[in-house]
Amino acid sequence: MSNQVTPDDVSGAAANEPLPGSTMGRAPFPWLRAVAAVVLLVVAIALPYSINDEPLNVVCQVLYLAIAAMGLNLLTGFNGQVSIGHGAFFGVGAFASAILVVDHGWTFEMTIPVAAVVAGLVGAVMAIPALRVKGLYLALITLGLAVLFPVVTTKYVKGSGGIALLKPTRSQVSSMFPDIWSDDQYRYFVCLGLVVLLFLLAYNLMQSRVGRSIIAVRDQEVAASTVGIDVARVKVLTFAVSAAYAGVAGSLSVFVLRIADATNPLVYFQLSIEFLIAMVIGGSATISGPVVGAIFLILIRRQTDEGTDFLPRLLGVEDRTEQLAPALLGGILIVLTYVLPEGLVGGFRKLKAKALQGRTPRPVANATTDPTPN
Amino acid sequence: MSTEGTAGTLLDVRDIEVRFGGVIALDGLSFTVARGEICSLIGPNGAGKTTLFNCVSRLYEPSSGSISFDGHDLLRMAPHKIARVGVARTFQNLALFPALTVLENVMVGAHTNGSVGFARAMLRIGVGAEERRLRTKCREILDRLSLGHLADRPAIGLPFGTLKRLEFARALASTPKLLLLDEPANGLTHGEVDELGETIREIRDQFDLTVLLVEHHMAMVMAISDDIVVMEFGRKIAEGPPSQIRNDPKVIEAYLGAPA
């Protein structure tokens, strides 16, 4: 550990801020959280009654992107294993679901757990080489996986040209509420339900002995091992859980987009990067960060895709929207990471800590009078 | 599993040899630590004290020799299994988990006292009870080391001396039989060193521990040790109680460089 600091740092404001990964000792207003959760839930339930079709589909995309980003966050944010290949696990989940529905006549909902398990197993296998490398090297290995995946898939998955193109009909989906909800509403609620479920599972995981060991392995592998943590086991299982999340996301993408496509070799690489962006701008090593990041990413992407008419006019160029959109997105990402290096959720927490410091007496005021100043 | 009868020996280090490339860090080192004693390893820098610690906690693989602890052959165990049989340690240059709070750091130390795995954690089966149990236990340890008021602070940003004690607390949390302390007095003031020496003795009695200590602070070593092993160039040059070591000509030579 490199933070051998002077006692002066203790009295500084920095010491009171919650750190990424710490899951205890915050929430000074528990009721505020409860209120926020209820409001969010009401909005989430009301949403499909006010919008439908295309916008609702976009919301569904936000939801499964959030699931994939949550999974990536468990691995990269909390466990410190950098993956830029999670698109591959997403693809594994997508193809598992697509094949089961099209070739084997499964109802879609039944394929979700299978997609999770298959992606999780592939993740566990991937974790074994990951045990030997770290940081950039691990990033490269996972990148290789993302690039390899579409190539392998188009070669071995049967179908015209190796594409599993799906148009699931109503009969392929066993809707439990066929009369109350329309197709798109039902899809939305399945996605929403899974986001909530997987959010709670991730939250529970991090609030336990296992969660602490996941962070301990990231922060200090040697010390983690000496206190009895089986580092290899933690890494492999975290990888598997993380990949399973991506698999569920992939499965849902088939449900929403009705296609599992590997013809474009860059799609899964691109997806990997999107998961990473959602995680980072939302706030890595926070549970809610990836969800916020996913909402934000899709939101700004749509804004930059559609609402950039004024920019070409402003710059005096005609019809350059297509080139400008990604540039604008990139610019926003740069500014955002510069202003909020800890992501939206991390930034919010910092702000909250500052606000609380101004309002209430320091919660650990006696810490400054520590008996052993150095 | 405990073999109480074996002459009271808890740790038996025999003919340990460690090489780094061509350099011999430990050259056939042998000594024993009796149950319940405080044994200190002293010697000039580079004598191989920390190397021995790293062998006992399975971070280094000796090229030959054996280490048996409480009836277990340590060298045949995986590194993470060592804590479970009762060996805990601190690190010379701190190896805490900066993102976790002080209490959480100690709770990680109590890892072997818990049993919740991935599936149970995610489904929250038995997690509440385990967390309460670990939290109570770890708070007691923090209070014992006067760190209780810092429990919810992140470890990062605390003063060095406090972090040293936090490492001590984390090591205690695994309810060890043998505690390896690597230069616990390093970076402390004189008053703090005296206090630390007292704390180590008290904790040894209270928690029924055996302590193996690496320390340069001679006053403390002489004050609290039951037995001292003196090392130089990876070899043991003397062993005995403080009164004997203090007057050993070989030790004086190694330390002062003067001919005996």
# chains A, B, ... in the order shown; residues from 1 in each chain; ligands from 1
$ closest_atom_pairs --of "chain B" --to "chain A" --cutoff "8 Å" --atoms "only C-alpha atoms" --output "tab-separated table"
residue	atom	partner	partner_atom	distance
B:Ser57	CA	A:Thr226	CA	6.7
B:Leu59	CA	A:Val222	CA	8.0
B:Pro79	CA	A:Ser225	CA	6.4
B:His80	CA	A:Gly228	CA	4.2
B:Lys81	CA	A:Gly228	CA	5.9
B:Ile82	CA	A:Gly228	CA	6.8
B:Ala83	CA	A:Gly228	CA	4.9
B:Arg84	CA	A:Gly228	CA	6.4
B:Ala88	CA	A:Val227	CA	6.8
B:Arg89	CA	A:Thr226	CA	7.4
B:Asn93	CA	A:Met1	CA	7.4
B:Leu94	CA	A:Met1	CA	6.1
B:Ala95	CA	A:Met1	CA	5.5
B:Leu96	CA	A:Met1	CA	6.6
B:Phe97	CA	A:Asp219	CA	5.4
B:Pro98	CA	A:Asp219	CA	6.9
B:Ala99	CA	A:Leu19	CA	5.6
B:Leu100	CA	A:Ser22	CA	4.9
B:Thr101	CA	A:Ser22	CA	6.5
B:Glu104	CA	A:Arg212	CA	7.3
B:Met107	CA	A:Arg209	CA	7.9
B:Val108	CA	A:Arg212	CA	6.4
B:Gly109	CA	A:Val227	CA	5.4
B:Ala110	CA	A:Val227	CA	7.5
B:His111	CA	A:Gly228	CA	6.4
B:Thr112	CA	A:Gly228	CA	6.0
B:Gly114	CA	A:Arg209	CA	7.2
B:Val116	CA	A:Arg209	CA	6.6
B:Gly117	CA	A:Val210	CA	6.1
B:Phe118	CA	A:Val210	CA	6.3
B:Ala121	CA	A:Leu205	CA	5.0
B:Met122	CA	A:Leu205	CA	4.6
B:Leu123	CA	A:Leu201	CA	6.6
B:Arg124	CA	A:Asn204	CA	6.3
B:Val127	CA	A:Ser208	CA	6.6
B:Glu131	CA	A:Ser208	CA	7.0
B:His149	CA	A:Ala367	CA	7.0
B:Leu150	CA	A:Ala367	CA	6.4
B:Asp152	CA	A:Gly25	CA	5.6
B:Arg153	CA	A:Asn16	CA	7.0
B:Pro154	CA	A:Leu19	CA	7.0
B:Ile156	CA	A:Asn3	CA	6.6
B:Gly157	CA	A:Val10	CA	5.8
B:Leu158	CA	A:Val10	CA	5.9
B:Pro159	CA	A:Pro7	CA	5.0
B:Phe160	CA	A:Gln4	CA	5.8
B:Gly161	CA	A:Asn374	CA	5.7
B:Thr162	CA	A:Thr372	CA	6.4
B:Ala171	CA	A:Val227	CA	7.4
B:Ser174	CA	A:Val227	CA	7.2
B:Gly187	CA	A:Asn374	CA	7.6
B:Leu188	CA	A:Asn374	CA	6.8
B:Thr189	CA	A:Asn374	CA	7.4
B:Glu192	CA	A:Thr372	CA	7.3
$ closest_atom_pairs --of "range 42-149 of chain B" --to "range 9-27 of chain B" --cutoff "8 Å" --atoms "only C-alpha atoms" --output "tab-separated table"
residue	atom	partner	partner_atom	distance
B:Gly46	CA	B:Ala25	CA	7.9
B:Ala47	CA	B:Ala25	CA	7.4
B:Gly48	CA	B:Ala25	CA	5.6
B:Thr51	CA	B:Ala25	CA	7.2
B:Leu52	CA	B:Leu26	CA	7.5
B:Glu61	CA	B:Val18	CA	7.4
B:Pro62	CA	B:Val18	CA	4.7
B:Ser63	CA	B:Val18	CA	5.6
B:Ser64	CA	B:Glu17	CA	5.3
B:Gly65	CA	B:Ile16	CA	4.2
B:Ser66	CA	B:Arg14	CA	5.2
B:Ile67	CA	B:Val13	CA	4.6
B:Ser68	CA	B:Asp12	CA	5.1
B:Phe69	CA	B:Leu11	CA	4.6
B:Asp70	CA	B:Leu10	CA	5.1
$ write_last_selection --atoms "N, CA and C atoms" --output "JSON list (two decimals), in the first residue's frame"
[["chain", "number", "residue", "atom", "x", "y", "z"],
["B", 46, "GLY", "N", 18.83, -7.59, 5.82],
["B", 46, "GLY", "CA", 19.27, -8.56, 4.84],
["B", 46, "GLY", "C", 19.65, -9.89, 5.45],
["B", 47, "ALA", "N", 19.43, -10.06, 6.76],
["B", 47, "ALA", "CA", 19.79, -11.32, 7.41],
["B", 47, "ALA", "C", 18.83, -12.45, 7.02],
["B", 48, "GLY", "N", 17.64, -12.09, 6.50],
["B", 48, "GLY", "CA", 16.70, -13.11, 6.06],
["B", 48, "GLY", "C", 15.49, -13.27, 6.96],
["B", 51, "THR", "N", 12.31, -12.91, 4.97],
["B", 51, "THR", "CA", 12.27, -14.06, 4.08],
["B", 51, "THR", "C", 11.71, -15.28, 4.80],
["B", 52, "LEU", "N", 12.12, -15.45, 6.06],
["B", 52, "LEU", "CA", 11.60, -16.57, 6.83],
["B", 52, "LEU", "C", 10.09, -16.41, 7.04],
["B", 61, "GLU", "N", 8.74, -20.12, -1.66],
["B", 61, "GLU", "CA", 8.90, -21.57, -1.62],
["B", 61, "GLU", "C", 10.36, -21.88, -1.31],
["B", 62, "PRO", "N", 10.65, -22.45, -0.12],
["B", 62, "PRO", "CA", 12.05, -22.81, 0.18],
["B", 62, "PRO", "C", 12.50, -23.94, -0.74],
["B", 63, "SER", "N", 13.77, -23.94, -1.08],
["B", 63, "SER", "CA", 14.25, -25.01, -1.96],
["B", 63, "SER", "C", 14.46, -26.30, -1.17],
["B", 64, "SER", "N", 14.68, -26.18, 0.14],
["B", 64, "SER", "CA", 14.72, -27.39, 0.95],
["B", 64, "SER", "C", 14.40, -27.05, 2.39],
["B", 65, "GLY", "N", 14.17, -28.08, 3.18],
["B", 65, "GLY", "CA", 13.84, -27.88, 4.58],
["B", 65, "GLY", "C", 12.37, -28.14, 4.85],
["B", 66, "SER", "N", 12.00, -28.03, 6.13],
["B", 66, "SER", "CA", 10.61, -28.26, 6.46],
["B", 66, "SER", "C", 10.16, -27.27, 7.53],
["B", 67, "ILE", "N", 8.87, -26.97, 7.50],
["B", 67, "ILE", "CA", 8.28, -26.12, 8.53],
["B", 67, "ILE", "C", 7.04, -26.84, 9.03],
["B", 68, "SER", "N", 7.05, -27.23, 10.30],
["B", 68, "SER", "CA", 5.82, -27.84, 10.79],
["B", 68, "SER", "C", 5.23, -26.95, 11.86],
["B", 69, "PHE", "N", 3.90, -26.87, 11.82],
["B", 69, "PHE", "CA", 3.19, -25.99, 12.72],
["B", 69, "PHE", "C", 2.00, -26.74, 13.30],
["B", 70, "ASP", "N", 2.01, -26.93, 14.60],
["B", 70, "ASP", "CA", 0.87, -27.52, 15.29],
["B", 70, "ASP", "C", 0.43, -28.84, 14.62]]
$ atom_distance --atom1 "CA of Leu131 in chain A" --atom2 "CA of Leu143 in chain A"
15.9 Å
$ select_by_dssp --residues "range 65-232 of chain B" --states "strand (DSSP E or B)" --output "PDB file with N, CA and C atoms, in the first residue's frame"
ATOM      1  N   GLY B  65      14.173 -28.080   3.178  1.00  0.00           N
ATOM      2  CA  GLY B  65      13.837 -27.884   4.581  1.00  0.00           C
ATOM      3  C   GLY B  65      12.367 -28.142   4.855  1.00  0.00           C
ATOM      4  N   SER B  66      11.998 -28.027   6.126  1.00  0.00           N
ATOM      5  CA  SER B  66      10.605 -28.263   6.465  1.00  0.00           C
ATOM      6  C   SER B  66      10.156 -27.266   7.529  1.00  0.00           C
ATOM      7  N   ILE B  67       8.871 -26.969   7.504  1.00  0.00           N
ATOM      8  CA  ILE B  67       8.278 -26.118   8.533  1.00  0.00           C
ATOM      9  C   ILE B  67       7.039 -26.842   9.030  1.00  0.00           C
ATOM     10  N   SER B  68       7.048 -27.235  10.298  1.00  0.00           N
ATOM     11  CA  SER B  68       5.819 -27.839  10.791  1.00  0.00           C
ATOM     12  C   SER B  68       5.230 -26.949  11.857  1.00  0.00           C
ATOM     13  N   PHE B  69       3.901 -26.873  11.818  1.00  0.00           N
ATOM     14  CA  PHE B  69       3.185 -25.992  12.718  1.00  0.00           C
ATOM     15  C   PHE B  69       2.000 -26.742  13.300  1.00  0.00           C
ATOM     16  N   HIS B  72       0.909 -29.676  11.512  1.00  0.00           N
ATOM     17  CA  HIS B  72       0.699 -29.580  10.069  1.00  0.00           C
ATOM     18  C   HIS B  72       2.031 -29.345   9.370  1.00  0.00           C
ATOM     19  N   ASP B  73       2.187 -29.959   8.213  1.00  0.00           N
ATOM     20  CA  ASP B  73       3.347 -29.678   7.379  1.00  0.00           C
ATOM     21  C   ASP B  73       2.995 -28.459   6.524  1.00  0.00           C
ATOM     22  N   VAL B  87      -2.247 -19.442  11.543  1.00  0.00           N
ATOM     23  CA  VAL B  87      -1.106 -18.550  11.392  1.00  0.00           C
ATOM     24  C   VAL B  87      -1.600 -17.215  10.822  1.00  0.00           C
ATOM     25  N   ALA B  88      -1.272 -16.125  11.488  1.00  0.00           N
ATOM     26  CA  ALA B  88      -1.631 -14.803  10.972  1.00  0.00           C
ATOM     27  C   ALA B  88      -0.390 -13.937  10.992  1.00  0.00           C
ATOM     28  N   ARG B  89      -0.372 -12.906  10.155  1.00  0.00           N
ATOM     29  CA  ARG B  89       0.819 -12.068  10.122  1.00  0.00           C
ATOM     30  C   ARG B  89       0.490 -10.613   9.823  1.00  0.00           C
ATOM     31  N   THR B 101     -13.335   0.183   4.958  1.00  0.00           N
ATOM     32  CA  THR B 101     -13.246   0.909   6.221  1.00  0.00           C
ATOM     33  C   THR B 101     -12.351   0.126   7.178  1.00  0.00           C
ATOM     34  N   PRO B 154     -12.623   5.078   6.256  1.00  0.00           N
ATOM     35  CA  PRO B 154     -11.828   4.302   5.308  1.00  0.00           C
ATOM     36  C   PRO B 154     -10.386   4.216   5.792  1.00  0.00           C
ATOM     37  N   PRO B 159      -3.145   7.851   9.821  1.00  0.00           N
ATOM     38  CA  PRO B 159      -1.698   7.930  10.057  1.00  0.00           C
ATOM     39  C   PRO B 159      -1.044   6.550  10.121  1.00  0.00           C
ATOM     40  N   LEU B 178      -0.595 -18.641  16.123  1.00  0.00           N
ATOM     41  CA  LEU B 178       0.725 -18.032  15.951  1.00  0.00           C
ATOM     42  C   LEU B 178       0.559 -16.705  15.221  1.00  0.00           C
ATOM     43  N   LEU B 179       1.147 -15.672  15.803  1.00  0.00           N
ATOM     44  CA  LEU B 179       1.068 -14.353  15.193  1.00  0.00           C
ATOM     45  C   LEU B 179       2.463 -13.938  14.764  1.00  0.00           C
ATOM     46  N   LEU B 180       2.627 -13.647  13.483  1.00  0.00           N
ATOM     47  CA  LEU B 180       3.914 -13.189  12.976  1.00  0.00           C
ATOM     48  C   LEU B 180       3.851 -11.676  12.841  1.00  0.00           C
ATOM     49  N   LEU B 181       4.677 -10.968  13.599  1.00  0.00           N
ATOM     50  CA  LEU B 181       4.667  -9.505  13.531  1.00  0.00           C
ATOM     51  C   LEU B 181       5.958  -9.034  12.871  1.00  0.00           C
ATOM     52  N   ASP B 182       5.825  -8.383  11.722  1.00  0.00           N
ATOM     53  CA  ASP B 182       7.007  -7.937  10.988  1.00  0.00           C
ATOM     54  C   ASP B 182       7.256  -6.449  11.269  1.00  0.00           C
ATOM     55  N   THR B 210       0.896 -17.398  20.498  1.00  0.00           N
ATOM     56  CA  THR B 210       2.337 -17.503  20.417  1.00  0.00           C
ATOM     57  C   THR B 210       2.766 -16.431  19.429  1.00  0.00           C
ATOM     58  N   VAL B 211       3.828 -15.690  19.741  1.00  0.00           N
ATOM     59  CA  VAL B 211       4.207 -14.575  18.871  1.00  0.00           C
ATOM     60  C   VAL B 211       5.616 -14.781  18.333  1.00  0.00           C
ATOM     61  N   LEU B 212       5.757 -14.625  17.020  1.00  0.00           N
ATOM     62  CA  LEU B 212       7.083 -14.592  16.405  1.00  0.00           C
ATOM     63  C   LEU B 212       7.265 -13.177  15.862  1.00  0.00           C
ATOM     64  N   LEU B 213       8.325 -12.528  16.338  1.00  0.00           N
ATOM     65  CA  LEU B 213       8.468 -11.096  16.111  1.00  0.00           C
ATOM     66  C   LEU B 213       9.757 -10.813  15.344  1.00  0.00           C
ATOM     67  N   VAL B 214       9.658  -9.997  14.303  1.00  0.00           N
ATOM     68  CA  VAL B 214      10.863  -9.455  13.685  1.00  0.00           C
ATOM     69  C   VAL B 214      10.917  -7.997  14.080  1.00  0.00           C
ATOM     70  N   ASP B 227      12.395 -15.559  24.163  1.00  0.00           N
ATOM     71  CA  ASP B 227      13.456 -16.250  23.457  1.00  0.00           C
ATOM     72  C   ASP B 227      13.853 -15.384  22.261  1.00  0.00           C
ATOM     73  N   ILE B 228      15.137 -15.373  21.927  1.00  0.00           N
ATOM     74  CA  ILE B 228      15.585 -14.558  20.798  1.00  0.00           C
ATOM     75  C   ILE B 228      16.430 -15.420  19.862  1.00  0.00           C
ATOM     76  N   VAL B 229      16.162 -15.308  18.576  1.00  0.00           N
ATOM     77  CA  VAL B 229      16.976 -15.987  17.573  1.00  0.00           C
ATOM     78  C   VAL B 229      17.724 -14.896  16.811  1.00  0.00           C
ATOM     79  N   VAL B 230      19.056 -14.987  16.802  1.00  0.00           N
ATOM     80  CA  VAL B 230      19.838 -13.963  16.114  1.00  0.00           C
ATOM     81  C   VAL B 230      20.293 -14.514  14.768  1.00  0.00           C
ATOM     82  N   MET B 231      20.057 -13.742  13.725  1.00  0.00           N
ATOM     83  CA  MET B 231      20.409 -14.203  12.379  1.00  0.00           C
ATOM     84  C   MET B 231      21.423 -13.274  11.739  1.00  0.00           C
ATOM     85  N   GLU B 232      22.229 -13.890  10.867  1.00  0.00           N
ATOM     86  CA  GLU B 232      23.138 -13.105  10.037  1.00  0.00           C
ATOM     87  C   GLU B 232      23.391 -13.894   8.764  1.00  0.00           C
TER      88      GLU B 232
END
$ closest_residue --among "B:Glu198, B:Glu167, B:Glu130, B:Asp248" --to "Ala223 in chain B" --atoms "only C-alpha atoms"
B:Glu198
$ atom_distance --atom1 "CA of Ser97 in chain A" --atom2 "CA of Ala115 in chain A"
6.0 Å
$ select_by_dssp --residues "range 67-226 of chain B" --states "helix (DSSP H, G or I)" --output "ChimeraX atom specification"
/B:74-76,79-85,102-109,111-113,118-123,127-144,148-150,160-172,190-207,218-224
$ write_last_selection --atoms "C-alpha atoms" --output "PDB file, in the first residue's frame"
ATOM      1  CA  LEU B  74       3.045 -26.034   6.302  1.00  0.00           C
ATOM      2  CA  LEU B  75       5.046 -26.421   3.112  1.00  0.00           C
ATOM      3  CA  ARG B  76       2.441 -28.817   1.748  1.00  0.00           C
ATOM      4  CA  PRO B  79      -1.046 -20.217   0.963  1.00  0.00           C
ATOM      5  CA  HIS B  80      -4.658 -19.384   1.791  1.00  0.00           C
ATOM      6  CA  LYS B  81      -5.002 -22.497   3.993  1.00  0.00           C
ATOM      7  CA  ILE B  82      -2.360 -21.240   6.431  1.00  0.00           C
ATOM      8  CA  ALA B  83      -4.764 -18.814   8.102  1.00  0.00           C
ATOM      9  CA  ARG B  84      -7.224 -21.617   8.724  1.00  0.00           C
ATOM     10  CA  VAL B  85      -4.754 -23.679  10.758  1.00  0.00           C
ATOM     11  CA  VAL B 102     -11.201   0.149   9.314  1.00  0.00           C
ATOM     12  CA  LEU B 103     -13.877  -2.254  10.551  1.00  0.00           C
ATOM     13  CA  GLU B 104     -14.161  -3.944   7.151  1.00  0.00           C
ATOM     14  CA  ASN B 105     -10.399  -4.446   7.059  1.00  0.00           C
ATOM     15  CA  VAL B 106     -10.610  -6.328  10.329  1.00  0.00           C
ATOM     16  CA  MET B 107     -13.641  -8.251   9.098  1.00  0.00           C
ATOM     17  CA  VAL B 108     -11.626  -9.415   6.096  1.00  0.00           C
ATOM     18  CA  GLY B 109      -9.104 -10.600   8.666  1.00  0.00           C
ATOM     19  CA  HIS B 111     -12.491 -14.346   6.789  1.00  0.00           C
ATOM     20  CA  THR B 112     -11.820 -17.833   8.098  1.00  0.00           C
ATOM     21  CA  ASN B 113     -14.429 -17.329  10.845  1.00  0.00           C
ATOM     22  CA  PHE B 118     -21.173 -16.665  -3.484  1.00  0.00           C
ATOM     23  CA  ALA B 119     -24.572 -18.361  -3.729  1.00  0.00           C
ATOM     24  CA  ARG B 120     -25.560 -17.748  -0.126  1.00  0.00           C
ATOM     25  CA  ALA B 121     -24.314 -14.169  -0.266  1.00  0.00           C
ATOM     26  CA  MET B 122     -26.371 -13.331  -3.361  1.00  0.00           C
ATOM     27  CA  LEU B 123     -29.505 -14.925  -1.934  1.00  0.00           C
ATOM     28  CA  VAL B 127     -25.672 -13.485   5.844  1.00  0.00           C
ATOM     29  CA  GLY B 128     -27.326 -11.263   8.446  1.00  0.00           C
ATOM     30  CA  ALA B 129     -26.391 -13.507  11.363  1.00  0.00           C
ATOM     31  CA  GLU B 130     -22.845 -13.975  10.135  1.00  0.00           C
ATOM     32  CA  GLU B 131     -22.336 -10.260   9.564  1.00  0.00           C
ATOM     33  CA  ARG B 132     -23.609  -9.436  13.050  1.00  0.00           C
ATOM     34  CA  ARG B 133     -21.352 -12.039  14.608  1.00  0.00           C
ATOM     35  CA  LEU B 134     -18.248 -10.901  12.699  1.00  0.00           C
ATOM     36  CA  ARG B 135     -19.003  -7.244  13.293  1.00  0.00           C
ATOM     37  CA  THR B 136     -19.339  -7.729  17.063  1.00  0.00           C
ATOM     38  CA  LYS B 137     -16.157  -9.748  17.241  1.00  0.00           C
ATOM     39  CA  CYS B 138     -14.176  -7.283  15.129  1.00  0.00           C
ATOM     40  CA  ARG B 139     -15.475  -4.260  17.026  1.00  0.00           C
ATOM     41  CA  GLU B 140     -14.225  -5.866  20.222  1.00  0.00           C
ATOM     42  CA  ILE B 141     -10.783  -6.306  18.704  1.00  0.00           C
ATOM     43  CA  LEU B 142     -10.784  -2.695  17.490  1.00  0.00           C
ATOM     44  CA  ASP B 143     -11.798  -1.475  20.928  1.00  0.00           C
ATOM     45  CA  ARG B 144      -9.080  -3.616  22.477  1.00  0.00           C
ATOM     46  CA  GLY B 148     -12.935   1.619  17.970  1.00  0.00           C
ATOM     47  CA  HIS B 149     -13.672   5.268  17.242  1.00  0.00           C
ATOM     48  CA  LEU B 150     -12.241   4.881  13.720  1.00  0.00           C
ATOM     49  CA  PHE B 160       0.999   5.297   9.721  1.00  0.00           C
ATOM     50  CA  GLY B 161       1.026   4.324  13.397  1.00  0.00           C
ATOM     51  CA  THR B 162      -2.726   3.805  13.352  1.00  0.00           C
ATOM     52  CA  LEU B 163      -2.491   1.666  10.241  1.00  0.00           C
ATOM     53  CA  LYS B 164       0.194  -0.437  11.921  1.00  0.00           C
ATOM     54  CA  ARG B 165      -2.210  -1.154  14.757  1.00  0.00           C
ATOM     55  CA  LEU B 166      -4.959  -1.845  12.240  1.00  0.00           C
ATOM     56  CA  GLU B 167      -2.773  -4.552  10.692  1.00  0.00           C
ATOM     57  CA  PHE B 168      -2.324  -5.982  14.151  1.00  0.00           C
ATOM     58  CA  ALA B 169      -6.098  -5.971  14.636  1.00  0.00           C
ATOM     59  CA  ARG B 170      -6.687  -7.625  11.281  1.00  0.00           C
ATOM     60  CA  ALA B 171      -4.215 -10.374  12.123  1.00  0.00           C
ATOM     61  CA  LEU B 172      -5.917 -10.986  15.492  1.00  0.00           C
ATOM     62  CA  HIS B 190       9.348   6.088  21.771  1.00  0.00           C
ATOM     63  CA  GLY B 191       6.216   6.297  23.874  1.00  0.00           C
ATOM     64  CA  GLU B 192       4.274   4.334  21.317  1.00  0.00           C
ATOM     65  CA  VAL B 193       6.935   1.632  21.225  1.00  0.00           C
ATOM     66  CA  ASP B 194       6.708   1.082  24.974  1.00  0.00           C
ATOM     67  CA  GLU B 195       2.952   0.945  24.732  1.00  0.00           C
ATOM     68  CA  LEU B 196       3.165  -1.500  21.817  1.00  0.00           C
ATOM     69  CA  GLY B 197       5.449  -3.836  23.743  1.00  0.00           C
ATOM     70  CA  GLU B 198       2.970  -3.901  26.597  1.00  0.00           C
ATOM     71  CA  THR B 199       0.077  -4.462  24.199  1.00  0.00           C
ATOM     72  CA  ILE B 200       1.821  -7.410  22.570  1.00  0.00           C
ATOM     73  CA  ARG B 201       2.373  -9.090  25.938  1.00  0.00           C
ATOM     74  CA  GLU B 202      -1.168  -8.444  27.104  1.00  0.00           C
ATOM     75  CA  ILE B 203      -2.675  -9.677  23.883  1.00  0.00           C
ATOM     76  CA  ARG B 204      -0.517 -12.781  23.946  1.00  0.00           C
ATOM     77  CA  ASP B 205      -1.971 -13.597  27.370  1.00  0.00           C
ATOM     78  CA  GLN B 206      -5.521 -12.572  26.574  1.00  0.00           C
ATOM     79  CA  PHE B 207      -5.792 -14.421  23.256  1.00  0.00           C
ATOM     80  CA  MET B 218      16.225  -3.637  20.669  1.00  0.00           C
ATOM     81  CA  ALA B 219      14.774  -2.183  23.853  1.00  0.00           C
ATOM     82  CA  MET B 220      11.398  -3.616  23.028  1.00  0.00           C
ATOM     83  CA  VAL B 221      12.811  -6.962  21.917  1.00  0.00           C
ATOM     84  CA  MET B 222      14.783  -7.326  25.118  1.00  0.00           C
ATOM     85  CA  ALA B 223      11.816  -6.267  27.232  1.00  0.00           C
ATOM     86  CA  ILE B 224       9.162  -8.585  25.883  1.00  0.00           C
TER      87      ILE B 224
END
$ residues_around --residues "Glu342 in chain A" --least-positions-apart "4" --cutoff "10 Å" --atoms "only C-alpha atoms" --output "PyMOL selection string"
chain A and resi 19-20+280-286+289+336-338+346-350
$ write_last_selection --atoms "C-alpha atoms" --output "PDB file, in the first residue's frame"
ATOM      1  CA  LEU A  19     -14.535   5.307  -1.106  1.00  0.00           C
ATOM      2  CA  PRO A  20     -15.345   3.186  -4.093  1.00  0.00           C
ATOM      3  CA  VAL A 280     -17.065   4.216 -15.897  1.00  0.00           C
ATOM      4  CA  ILE A 281     -19.345   7.205 -16.454  1.00  0.00           C
ATOM      5  CA  GLY A 282     -21.845   5.798 -13.966  1.00  0.00           C
ATOM      6  CA  GLY A 283     -19.187   5.106 -11.377  1.00  0.00           C
ATOM      7  CA  SER A 284     -17.198   1.904 -11.152  1.00  0.00           C
ATOM      8  CA  ALA A 285     -17.188   0.002  -7.858  1.00  0.00           C
ATOM      9  CA  THR A 286     -20.576   1.414  -6.932  1.00  0.00           C
ATOM     10  CA  GLY A 289     -23.270   3.350 -11.034  1.00  0.00           C
ATOM     11  CA  LEU A 336     -17.502  13.945 -18.261  1.00  0.00           C
ATOM     12  CA  THR A 337     -14.548  11.793 -17.221  1.00  0.00           C
ATOM     13  CA  TYR A 338     -12.526  14.932 -16.660  1.00  0.00           C
ATOM     14  CA  GLY A 346     -19.136   8.732  -7.300  1.00  0.00           C
ATOM     15  CA  GLY A 347     -19.466  12.447  -8.005  1.00  0.00           C
ATOM     16  CA  PHE A 348     -22.882  12.544  -6.393  1.00  0.00           C
ATOM     17  CA  ARG A 349     -21.524  10.881  -3.256  1.00  0.00           C
ATOM     18  CA  LYS A 350     -18.705  13.362  -3.049  1.00  0.00           C
TER      19      LYS A 350
END
$ residues_around --residues "Leu138 in chain A" --least-positions-apart "5" --cutoff "9 Å" --atoms "only C-alpha atoms" --output "list in words"
Gln81, Val82, Ser83, Ile84, Pro129, Ala130, Leu131, Arg132, Val133 and Leu143 of chain A
$ residues_around --residues "range 123-128 of chain A" --least-positions-apart "5" --cutoff "8 Å" --atoms "only C-alpha atoms" --output "PyMOL selection string"
chain A and resi 89+235-237+239-244
$ decode --residues "range 132-145 of chain B" --atoms "C-alpha atoms" --output "PDB file, in the first residue's frame"
ATOM      1  CA  ARG B 132     -23.609  -9.436  13.050  1.00  0.00           C
ATOM      2  CA  ARG B 133     -21.352 -12.039  14.608  1.00  0.00           C
ATOM      3  CA  LEU B 134     -18.248 -10.901  12.699  1.00  0.00           C
ATOM      4  CA  ARG B 135     -19.003  -7.244  13.293  1.00  0.00           C
ATOM      5  CA  THR B 136     -19.339  -7.729  17.063  1.00  0.00           C
ATOM      6  CA  LYS B 137     -16.157  -9.748  17.241  1.00  0.00           C
ATOM      7  CA  CYS B 138     -14.176  -7.283  15.129  1.00  0.00           C
ATOM      8  CA  ARG B 139     -15.475  -4.260  17.026  1.00  0.00           C
ATOM      9  CA  GLU B 140     -14.225  -5.866  20.222  1.00  0.00           C
ATOM     10  CA  ILE B 141     -10.783  -6.306  18.704  1.00  0.00           C
ATOM     11  CA  LEU B 142     -10.784  -2.695  17.490  1.00  0.00           C
ATOM     12  CA  ASP B 143     -11.798  -1.475  20.928  1.00  0.00           C
ATOM     13  CA  ARG B 144      -9.080  -3.616  22.477  1.00  0.00           C
ATOM     14  CA  LEU B 145      -6.499  -1.839  20.305  1.00  0.00           C
TER      15      LEU B 145
END
